[in-house]
Amino acid sequence: MKVIRHIYEMQHFIKERKRRGDTIGFVPTMGFLHEGHVSLIEKAREECDTVVTSIFVNPLQFGPNEDFDRYPRDFERDERLARERGTDVLFYPSVEDMYPDGAGVQMKVTERTNVLCGEKRPGHFDGVVTVLTKLFHIIQADRAYFGLKDAQQVAVVNDLIDSYFFPVELVACPTVREEDGLAKSSRNVYLKDHERFEAPKLYQQLLRAKEQVQTGKALKDVRQEMISVLEDIPYGETDYVEILSYPQLQTVETFDRKLIIALAYRFENARLIDNIIIEEKL
């Protein structure tokens with residue numbers, strides 16, 4: 001596995017691989033890899049000739065009161081995991097390389113961001129699509145792999161690719177979970193023992209809500225029951241519970257299309273997100 005830190009070197013490498021006819025699979029990450037990231041790398045390895053994994057903690061995705069400085073970083077561990085799971089190139093650019101003149105030109109997202117995490121993180125998805133636009137141009141991937149744990153991000157990336165005609169296929173992969181159902185996340189390391197004990201209740205409520213939706217319970221009643229149950233979990237508080245169309249992320253009143261049930265819950269030092277997507281009724 002090669003580690004490439006400079007954009008021009010990455011572009012040269014990709015040009016050579018394209019010249020020999022390789023399909024390029026791309027897994028963009030912010031590092032501190034866990035099994036969710038690893039599953040994306042493995043999926044790319046199955047489907048592509050060359051796998052590129054990027055590690056870049058993107059400052060544009062963090063608000064003024066968010067955790068950019070304390071976002072977990074462990075490059076040696078990430079390098080080992082990426083190599084073991086089949087990455088051909090680990091792209092590890094600096095902020096100075098990615099934003100050589102600061103952030104003079106930025107993208108702006110106008111759809112699918114006024115709900116869920118986007119509602120309380122203004123500018124976050126602008127940062128996501130700005131860095132992805134750069135990375136898509138650098139990597140020139142045939143397929144890009146994203147985890148559905150952050151389903152809003154997948155919806156926004158889908159819109160980015162469609163709106164700007166990027167010649168890349170978006171491959172959305174299922175959420176990877178612990179044995180007790182908790183979604184894998186880099187932020188899980190911040191959970192205290194008593195919070196970690198309570199955290200699987202988030203997924204349990206999503207499963208219950210899915211069953212209720214599929215058996216015909218009114219969506220507003222499903223949502224209200226979820227809110228009530230989550231309020232009984234000690235040590236934290238609910239950020240949001242929403243049932244929306246997917247990937248449009250619009251308000252719905254009945255189960256007549258593909259839906260997402262999504263939540264965010266904040267413990268003392270970790271904000272966790274999770275969701276379930278329900279396919280439309282036939």
# chains A, B, ... in the order shown; residues from 1 in each chain; ligands from 1
>>> residues_around(residues="Asn269 (chain A)", least_positions_apart="2", cutoff="12 Å", atoms="only C-alpha atoms", output="VMD selection string")
chain A and resid 66 to 67 70 to 71 187 to 192 195 to 196 235 to 237 265 to 267 271 to 272
>>> write_last_selection(atoms="C-alpha atoms", output="tab-separated table (two decimals), in the first residue's frame")
chain	number	residue	atom	x	y	z
A	66	GLU	CA	-17.78	21.78	17.48
A	67	ASP	CA	-15.02	19.27	18.04
A	70	ARG	CA	-10.59	16.96	19.69
A	71	TYR	CA	-11.74	14.83	16.77
A	187	ARG	CA	-17.31	9.22	18.69
A	188	ASN	CA	-18.30	6.10	20.63
A	189	VAL	CA	-14.92	6.28	22.40
A	190	TYR	CA	-16.23	9.31	24.28
A	191	LEU	CA	-19.10	7.39	25.89
A	192	LYS	CA	-18.77	6.73	29.60
A	195	GLU	CA	-23.79	5.89	28.78
A	196	ARG	CA	-22.52	2.99	26.69
A	235	TYR	CA	-27.64	10.75	31.17
A	236	GLY	CA	-28.53	12.52	27.94
A	237	GLU	CA	-31.10	14.31	25.80
A	265	TYR	CA	-29.10	11.77	20.91
A	266	ARG	CA	-26.55	13.70	22.93
A	267	PHE	CA	-24.68	12.21	25.85
A	271	ARG	CA	-23.60	13.06	20.04
A	272	LEU	CA	-24.84	9.86	18.39
>>> residues_around(residues="region 250-263 of chain A", least_positions_apart="3", cutoff="7 Å", atoms="only C-alpha atoms", output="list in words")
Leu206, Leu219, Tyr240, Val241, Glu242, Ile243, Leu244, Ser245, Tyr246, Ile273, Asp274, Asn275, Ile276, Ile277, Ile278, Glu279, Glu280 and Lys281 of chain A
>>> residues_around(residues="region 11-13 of chain A", least_positions_apart="5", cutoff="12 Å", atoms="only C-alpha atoms", output="list in words")
Lys2, Val3, Ile4, Arg5, His6, Lys18, Arg19, Arg20, Asp22, Ile24, Thr50, Val51, Val52, Asp88, Val89, Leu90, Phe91, Lys134, Leu135, Phe136, His137, Ile138, Ile139, Gln140 and Ala141 of chain A
>>> residues_around(residues="Ile41 (chain A)", least_positions_apart="6", cutoff="10 Å", atoms="only C-alpha atoms", output="mmCIF file with N, CA and C atoms, in the first residue's frame")
data_model
loop_
_atom_site.group_PDB
_atom_site.id
_atom_site.type_symbol
_atom_site.label_atom_id
_atom_site.label_comp_id
_atom_site.auth_asym_id
_atom_site.auth_seq_id
_atom_site.Cartn_x
_atom_site.Cartn_y
_atom_site.Cartn_z
ATOM 1 N N GLY A 25 -12.087 2.579 -7.003
ATOM 2 C CA GLY A 25 -13.030 2.689 -5.899
ATOM 3 C C GLY A 25 -12.488 3.636 -4.852
ATOM 4 N N PHE A 26 -13.334 4.515 -4.359
ATOM 5 C CA PHE A 26 -12.897 5.582 -3.453
ATOM 6 C C PHE A 26 -13.698 5.548 -2.158
ATOM 7 N N VAL A 27 -12.983 5.537 -1.027
ATOM 8 C CA VAL A 27 -13.615 5.577 0.297
ATOM 9 C C VAL A 27 -13.115 6.831 1.015
ATOM 10 N N PRO A 28 -13.895 7.909 1.030
ATOM 11 C CA PRO A 28 -13.466 9.119 1.741
ATOM 12 C C PRO A 28 -13.776 9.011 3.226
ATOM 13 N N GLU A 35 -15.000 -0.315 12.183
ATOM 14 C CA GLU A 35 -15.488 -1.392 11.320
ATOM 15 C C GLU A 35 -16.428 -0.896 10.230
ATOM 16 N N VAL A 51 -8.221 0.566 -5.068
ATOM 17 C CA VAL A 51 -8.982 1.155 -3.967
ATOM 18 C C VAL A 51 -8.170 2.298 -3.359
ATOM 19 N N VAL A 52 -8.781 3.468 -3.321
ATOM 20 C CA VAL A 52 -8.188 4.650 -2.691
ATOM 21 C C VAL A 52 -9.011 4.991 -1.455
ATOM 22 N N THR A 53 -8.352 5.072 -0.308
ATOM 23 C CA THR A 53 -8.987 5.555 0.915
ATOM 24 C C THR A 53 -8.345 6.881 1.280
ATOM 25 N N LEU A 81 -4.937 -0.534 9.435
ATOM 26 C CA LEU A 81 -6.252 -1.069 9.083
ATOM 27 C C LEU A 81 -6.510 -0.960 7.582
ATOM 28 N N ALA A 82 -6.149 0.167 7.002
ATOM 29 C CA ALA A 82 -6.361 0.352 5.569
ATOM 30 C C ALA A 82 -5.567 -0.664 4.763
ATOM 31 N N ARG A 83 -4.332 -0.908 5.176
ATOM 32 C CA ARG A 83 -3.483 -1.877 4.479
ATOM 33 C C ARG A 83 -4.062 -3.288 4.617
ATOM 34 N N ARG A 85 -7.041 -4.290 5.057
ATOM 35 C CA ARG A 85 -8.336 -4.531 4.418
ATOM 36 C C ARG A 85 -8.328 -4.294 2.921
ATOM 37 N N GLY A 86 -7.166 -3.986 2.344
ATOM 38 C CA GLY A 86 -7.074 -3.994 0.893
ATOM 39 C C GLY A 86 -6.968 -2.657 0.206
ATOM 40 N N THR A 87 -6.698 -1.606 0.945
ATOM 41 C CA THR A 87 -6.476 -0.312 0.301
ATOM 42 C C THR A 87 -5.175 -0.338 -0.501
ATOM 43 N N TYR A 145 -17.802 5.140 -2.035
ATOM 44 C CA TYR A 145 -18.482 4.325 -1.039
ATOM 45 C C TYR A 145 -18.743 5.130 0.233
ATOM 46 N N PHE A 146 -20.018 5.149 0.651
ATOM 47 C CA PHE A 146 -20.442 5.882 1.840
ATOM 48 C C PHE A 146 -21.325 4.989 2.696
#
>>> select_by_dssp(residues="region 79-277 of chain A", states="strand (DSSP E)", output="ChimeraX atom specification")
/A:89-91,143-147,169-173,237-245,259-266,271-277
>>> write_last_selection(atoms="N, CA and C atoms", output="tab-separated table (two decimals), in the first residue's frame")
chain	number	residue	atom	x	y	z
A	89	VAL	N	-4.05	2.68	-2.05
A	89	VAL	CA	-3.45	3.99	-1.79
A	89	VAL	C	-4.20	4.67	-0.65
A	90	LEU	N	-3.45	5.13	0.33
A	90	LEU	CA	-3.99	5.93	1.41
A	90	LEU	C	-3.62	7.38	1.12
A	91	PHE	N	-4.63	8.18	0.79
A	91	PHE	CA	-4.42	9.59	0.46
A	91	PHE	C	-4.59	10.42	1.72
A	143	ARG	N	-16.40	4.57	-8.58
A	143	ARG	CA	-17.39	4.34	-7.53
A	143	ARG	C	-16.89	4.98	-6.24
A	144	ALA	N	-17.82	5.59	-5.50
A	144	ALA	CA	-17.49	6.17	-4.20
A	144	ALA	C	-18.39	5.53	-3.15
A	145	TYR	N	-17.80	5.14	-2.03
A	145	TYR	CA	-18.48	4.33	-1.04
A	145	TYR	C	-18.74	5.13	0.23
A	146	PHE	N	-20.02	5.15	0.65
A	146	PHE	CA	-20.44	5.88	1.84
A	146	PHE	C	-21.32	4.99	2.70
A	147	GLY	N	-21.25	5.19	4.01
A	147	GLY	CA	-22.07	4.41	4.93
A	147	GLY	C	-23.40	5.10	5.21
A	169	GLU	N	-20.27	6.56	-9.50
A	169	GLU	CA	-21.43	5.86	-8.94
A	169	GLU	C	-21.36	5.91	-7.42
A	170	LEU	N	-22.44	6.36	-6.80
A	170	LEU	CA	-22.52	6.38	-5.34
A	170	LEU	C	-22.97	5.00	-4.86
A	171	VAL	N	-22.15	4.39	-4.01
A	171	VAL	CA	-22.48	3.08	-3.44
A	171	VAL	C	-22.76	3.30	-1.95
A	172	ALA	N	-24.02	3.19	-1.56
A	172	ALA	CA	-24.43	3.39	-0.17
A	172	ALA	C	-24.46	2.03	0.54
A	173	CYS	N	-23.72	1.91	1.62
A	173	CYS	CA	-23.54	0.62	2.30
A	173	CYS	C	-24.22	0.64	3.67
A	237	GLU	N	-29.88	13.67	26.30
A	237	GLU	CA	-31.10	14.31	25.80
A	237	GLU	C	-31.21	14.11	24.30
A	238	THR	N	-32.45	14.14	23.82
A	238	THR	CA	-32.72	13.94	22.40
A	238	THR	C	-32.51	15.24	21.63
A	239	ASP	N	-31.77	15.16	20.54
A	239	ASP	CA	-31.64	16.31	19.63
A	239	ASP	C	-32.82	16.36	18.67
A	240	TYR	N	-33.11	15.22	18.05
A	240	TYR	CA	-34.26	15.19	17.15
A	240	TYR	C	-34.71	13.75	16.92
A	241	VAL	N	-35.96	13.61	16.55
A	241	VAL	CA	-36.53	12.38	16.00
A	241	VAL	C	-37.37	12.81	14.81
A	242	GLU	N	-37.11	12.23	13.64
A	242	GLU	CA	-37.85	12.62	12.44
A	242	GLU	C	-38.19	11.40	11.59
A	243	ILE	N	-39.31	11.49	10.91
A	243	ILE	CA	-39.70	10.51	9.89
A	243	ILE	C	-39.93	11.31	8.60
A	244	LEU	N	-39.11	11.04	7.59
A	244	LEU	CA	-39.11	11.85	6.37
A	244	LEU	C	-39.03	10.96	5.14
A	245	SER	N	-39.35	11.52	3.98
A	245	SER	CA	-39.13	10.80	2.73
A	245	SER	C	-37.63	10.69	2.50
A	259	LEU	N	-39.06	5.80	3.22
A	259	LEU	CA	-38.95	6.67	4.38
A	259	LEU	C	-37.64	6.44	5.11
A	260	ILE	N	-37.25	7.46	5.88
A	260	ILE	CA	-36.17	7.30	6.85
A	260	ILE	C	-36.71	7.69	8.22
A	261	ILE	N	-36.42	6.87	9.21
A	261	ILE	CA	-36.66	7.22	10.60
A	261	ILE	C	-35.28	7.51	11.19
A	262	ALA	N	-35.08	8.72	11.64
A	262	ALA	CA	-33.75	9.15	12.06
A	262	ALA	C	-33.81	9.82	13.42
A	263	LEU	N	-32.70	9.68	14.16
A	263	LEU	CA	-32.63	10.33	15.47
A	263	LEU	C	-31.20	10.77	15.75
A	264	ALA	N	-31.09	11.71	16.65
A	264	ALA	CA	-29.80	12.11	17.21
A	264	ALA	C	-29.99	12.26	18.71
A	265	TYR	N	-29.02	11.75	19.45
A	265	TYR	CA	-29.10	11.77	20.91
A	265	TYR	C	-27.75	12.21	21.45
A	266	ARG	N	-27.79	13.12	22.41
A	266	ARG	CA	-26.55	13.70	22.93
A	266	ARG	C	-26.29	13.25	24.35
A	271	ARG	N	-22.29	12.94	20.70
A	271	ARG	CA	-23.60	13.06	20.04
A	271	ARG	C	-23.71	11.92	19.04
A	272	LEU	N	-24.69	11.05	19.23
A	272	LEU	CA	-24.84	9.86	18.39
A	272	LEU	C	-26.01	10.04	17.43
A	273	ILE	N	-25.83	9.57	16.19
A	273	ILE	CA	-26.90	9.57	15.22
A	273	ILE	C	-27.15	8.14	14.76
A	274	ASP	N	-28.38	7.88	14.35
A	274	ASP	CA	-28.72	6.55	13.83
A	274	ASP	C	-30.00	6.68	13.02
A	275	ASN	N	-30.28	5.67	12.21
A	275	ASN	CA	-31.48	5.72	11.37
A	275	ASN	C	-31.83	4.34	10.87
A	276	ILE	N	-33.03	4.23	10.38
A	276	ILE	CA	-33.49	3.06	9.63
A	276	ILE	C	-34.22	3.57	8.39
A	277	ILE	N	-33.96	2.97	7.25
A	277	ILE	CA	-34.64	3.31	6.01
A	277	ILE	C	-35.66	2.21	5.69
>>> atom_distance(atom1="CA of Tyr92 (chain A)", atom2="CA of Ser54 (chain A)")
5.9 Å
>>> closest_residue(among="A:Gly21, A:Pro247, A:Gly36, A:Gly181", to="Asp159 (chain A)", atoms="only C-alpha atoms")
A:Pro247
>>> closest_residue(among="A:Gly31, A:Pro167, A:Gly118, A:Pro100", to="Asp150 (chain A)", atoms="only C-alpha atoms")
A:Gly118
>>> atom_distance(atom1="CA of Val128 (chain A)", atom2="CA of Thr29 (chain A)")
11.1 Å
>>> closest_residue(among="A:Asn65, A:Gln106, A:Asn58, A:Asn158", to="Lys120 (chain A)", atoms="only C-alpha atoms")
A:Asn65
>>> atom_distance(atom1="CA of Lys184 (chain A)", atom2="CA of Glu84 (chain A)")
19.0 Å
>>> closest_residue(among="A:Val131, A:Leu33, A:Leu202, A:Ile14", to="Asp97 (chain A)", atoms="only C-alpha atoms")
A:Val131
>>> closest_residue(among="A:Lys217, A:His124, A:Lys201, A:Arg17", to="Gly63 (chain A)", atoms="only C-alpha atoms")
A:His124
>>> closest_residue(among="A:Gln61, A:Arg45, A:Thr110, A:Phe32", to="Phe75 (chain A)", atoms="only C-alpha atoms")
A:Phe32
>>> select_by_dssp(residues="region 4-208 of chain A", states="alpha helix (DSSP H)", output="JSON, numbers by chain")
{"A": [7, 8, 9, 10, 11, 12, 13, 14, 15, 16, 17, 18, 19, 35, 36, 37, 38, 39, 40, 41, 42, 43, 44, 45, 46, 47, 75, 76, 77, 78, 79, 80, 81, 82, 83, 84, 95, 96, 97, 98, 116, 117, 118, 119, 120, 124, 125, 126, 127, 128, 129, 130, 131, 132, 133, 134, 135, 136, 137, 138, 139, 151, 152, 153, 154, 155, 156, 157, 158, 159, 160, 161, 162, 163, 193, 194, 195, 196, 197, 198, 201, 202, 203, 204, 205, 206, 207, 208]}
>>> write_last_selection(atoms="C-alpha atoms", output="short mmCIF file (atom, residue, chain, number, x, y, z; two decimals), in the first residue's frame")
data_model
loop_
_atom_site.label_atom_id
_atom_site.label_comp_id
_atom_site.auth_asym_id
_atom_site.auth_seq_id
_atom_site.Cartn_x
_atom_site.Cartn_y
_atom_site.Cartn_z
CA ILE A 7 -2.33 16.17 -4.63
CA TYR A 8 -0.13 16.23 -7.73
CA GLU A 9 1.29 12.80 -6.81
CA MET A 10 -2.21 11.44 -6.28
CA GLN A 11 -3.34 12.74 -9.65
CA HIS A 12 -0.32 11.20 -11.38
CA PHE A 13 -0.99 7.83 -9.72
CA ILE A 14 -4.64 7.86 -10.79
CA LYS A 15 -3.71 8.81 -14.34
CA GLU A 16 -1.42 5.79 -14.55
CA ARG A 17 -4.07 3.44 -13.14
CA LYS A 18 -6.70 4.80 -15.52
CA ARG A 19 -4.29 4.38 -18.42
CA GLU A 35 -15.49 -1.39 11.32
CA GLY A 36 -17.92 0.81 9.42
CA HIS A 37 -15.09 2.33 7.40
CA VAL A 38 -13.45 -1.07 7.03
CA SER A 39 -16.65 -2.51 5.55
CA LEU A 40 -16.60 0.23 2.90
CA ILE A 41 -12.98 -0.57 2.03
CA GLU A 42 -13.81 -4.27 1.77
CA LYS A 43 -16.79 -3.54 -0.48
CA ALA A 44 -14.61 -1.38 -2.73
CA ARG A 45 -11.99 -4.13 -2.80
CA GLU A 46 -14.61 -6.62 -4.02
CA GLU A 47 -15.80 -4.37 -6.83
CA PHE A 75 -2.77 7.76 11.62
CA GLU A 76 -0.57 4.73 12.40
CA ARG A 77 -3.61 2.69 13.38
CA ASP A 78 -5.55 3.91 10.33
CA GLU A 79 -2.64 3.04 8.05
CA ARG A 80 -2.50 -0.49 9.42
CA LEU A 81 -6.25 -1.07 9.08
CA ALA A 82 -6.36 0.35 5.57
CA ARG A 83 -3.48 -1.88 4.48
CA GLU A 84 -4.94 -5.01 6.08
CA VAL A 95 -5.22 21.26 5.15
CA GLU A 96 -2.70 23.51 3.41
CA ASP A 97 -2.73 21.30 0.32
CA MET A 98 -6.50 20.99 0.19
CA LEU A 116 -31.91 16.35 10.88
CA CYS A 117 -28.26 17.20 11.60
CA GLY A 118 -28.17 19.91 8.97
CA GLU A 119 -30.74 22.02 10.78
CA LYS A 120 -28.50 22.53 13.81
CA HIS A 124 -21.73 21.64 7.74
CA PHE A 125 -22.90 20.13 4.46
CA ASP A 126 -21.46 23.07 2.54
CA GLY A 127 -18.12 21.87 3.92
CA VAL A 128 -18.91 18.27 2.98
CA VAL A 129 -19.72 18.99 -0.66
CA THR A 130 -16.83 21.45 -0.99
CA VAL A 131 -14.23 18.89 0.07
CA LEU A 132 -15.92 16.07 -1.87
CA THR A 133 -15.89 18.17 -5.03
CA LYS A 134 -12.14 18.55 -4.61
CA LEU A 135 -11.64 14.86 -3.80
CA PHE A 136 -13.83 13.67 -6.69
CA HIS A 137 -11.74 15.75 -9.09
CA ILE A 138 -8.46 14.50 -7.61
CA ILE A 139 -9.36 10.80 -7.36
CA ALA A 151 -27.98 8.86 5.69
CA GLN A 152 -28.40 12.61 5.35
CA GLN A 153 -24.84 12.86 4.07
CA VAL A 154 -25.59 10.09 1.55
CA ALA A 155 -28.68 11.99 0.39
CA VAL A 156 -26.68 15.21 -0.02
CA VAL A 157 -23.84 13.45 -1.85
CA ASN A 158 -26.37 11.81 -4.15
CA ASP A 159 -27.72 15.25 -4.99
CA LEU A 160 -24.18 16.63 -5.50
CA ILE A 161 -23.31 13.86 -7.96
CA ASP A 162 -26.57 14.28 -9.88
CA SER A 163 -26.50 18.08 -9.90
CA ASP A 193 -19.53 3.19 30.78
CA HIS A 194 -23.01 4.04 32.04
CA GLU A 195 -23.79 5.89 28.78
CA ARG A 196 -22.52 2.99 26.69
CA PHE A 197 -24.96 0.73 28.58
CA GLU A 198 -27.89 2.95 27.59
CA LYS A 201 -31.72 1.71 23.24
CA LEU A 202 -31.48 4.13 20.33
CA TYR A 203 -31.45 1.34 17.76
CA GLN A 204 -34.06 -0.61 19.70
CA GLN A 205 -36.43 2.32 19.33
CA LEU A 206 -35.72 2.57 15.62
CA LEU A 207 -36.58 -1.10 15.17
CA ARG A 208 -39.81 -0.68 17.12
#
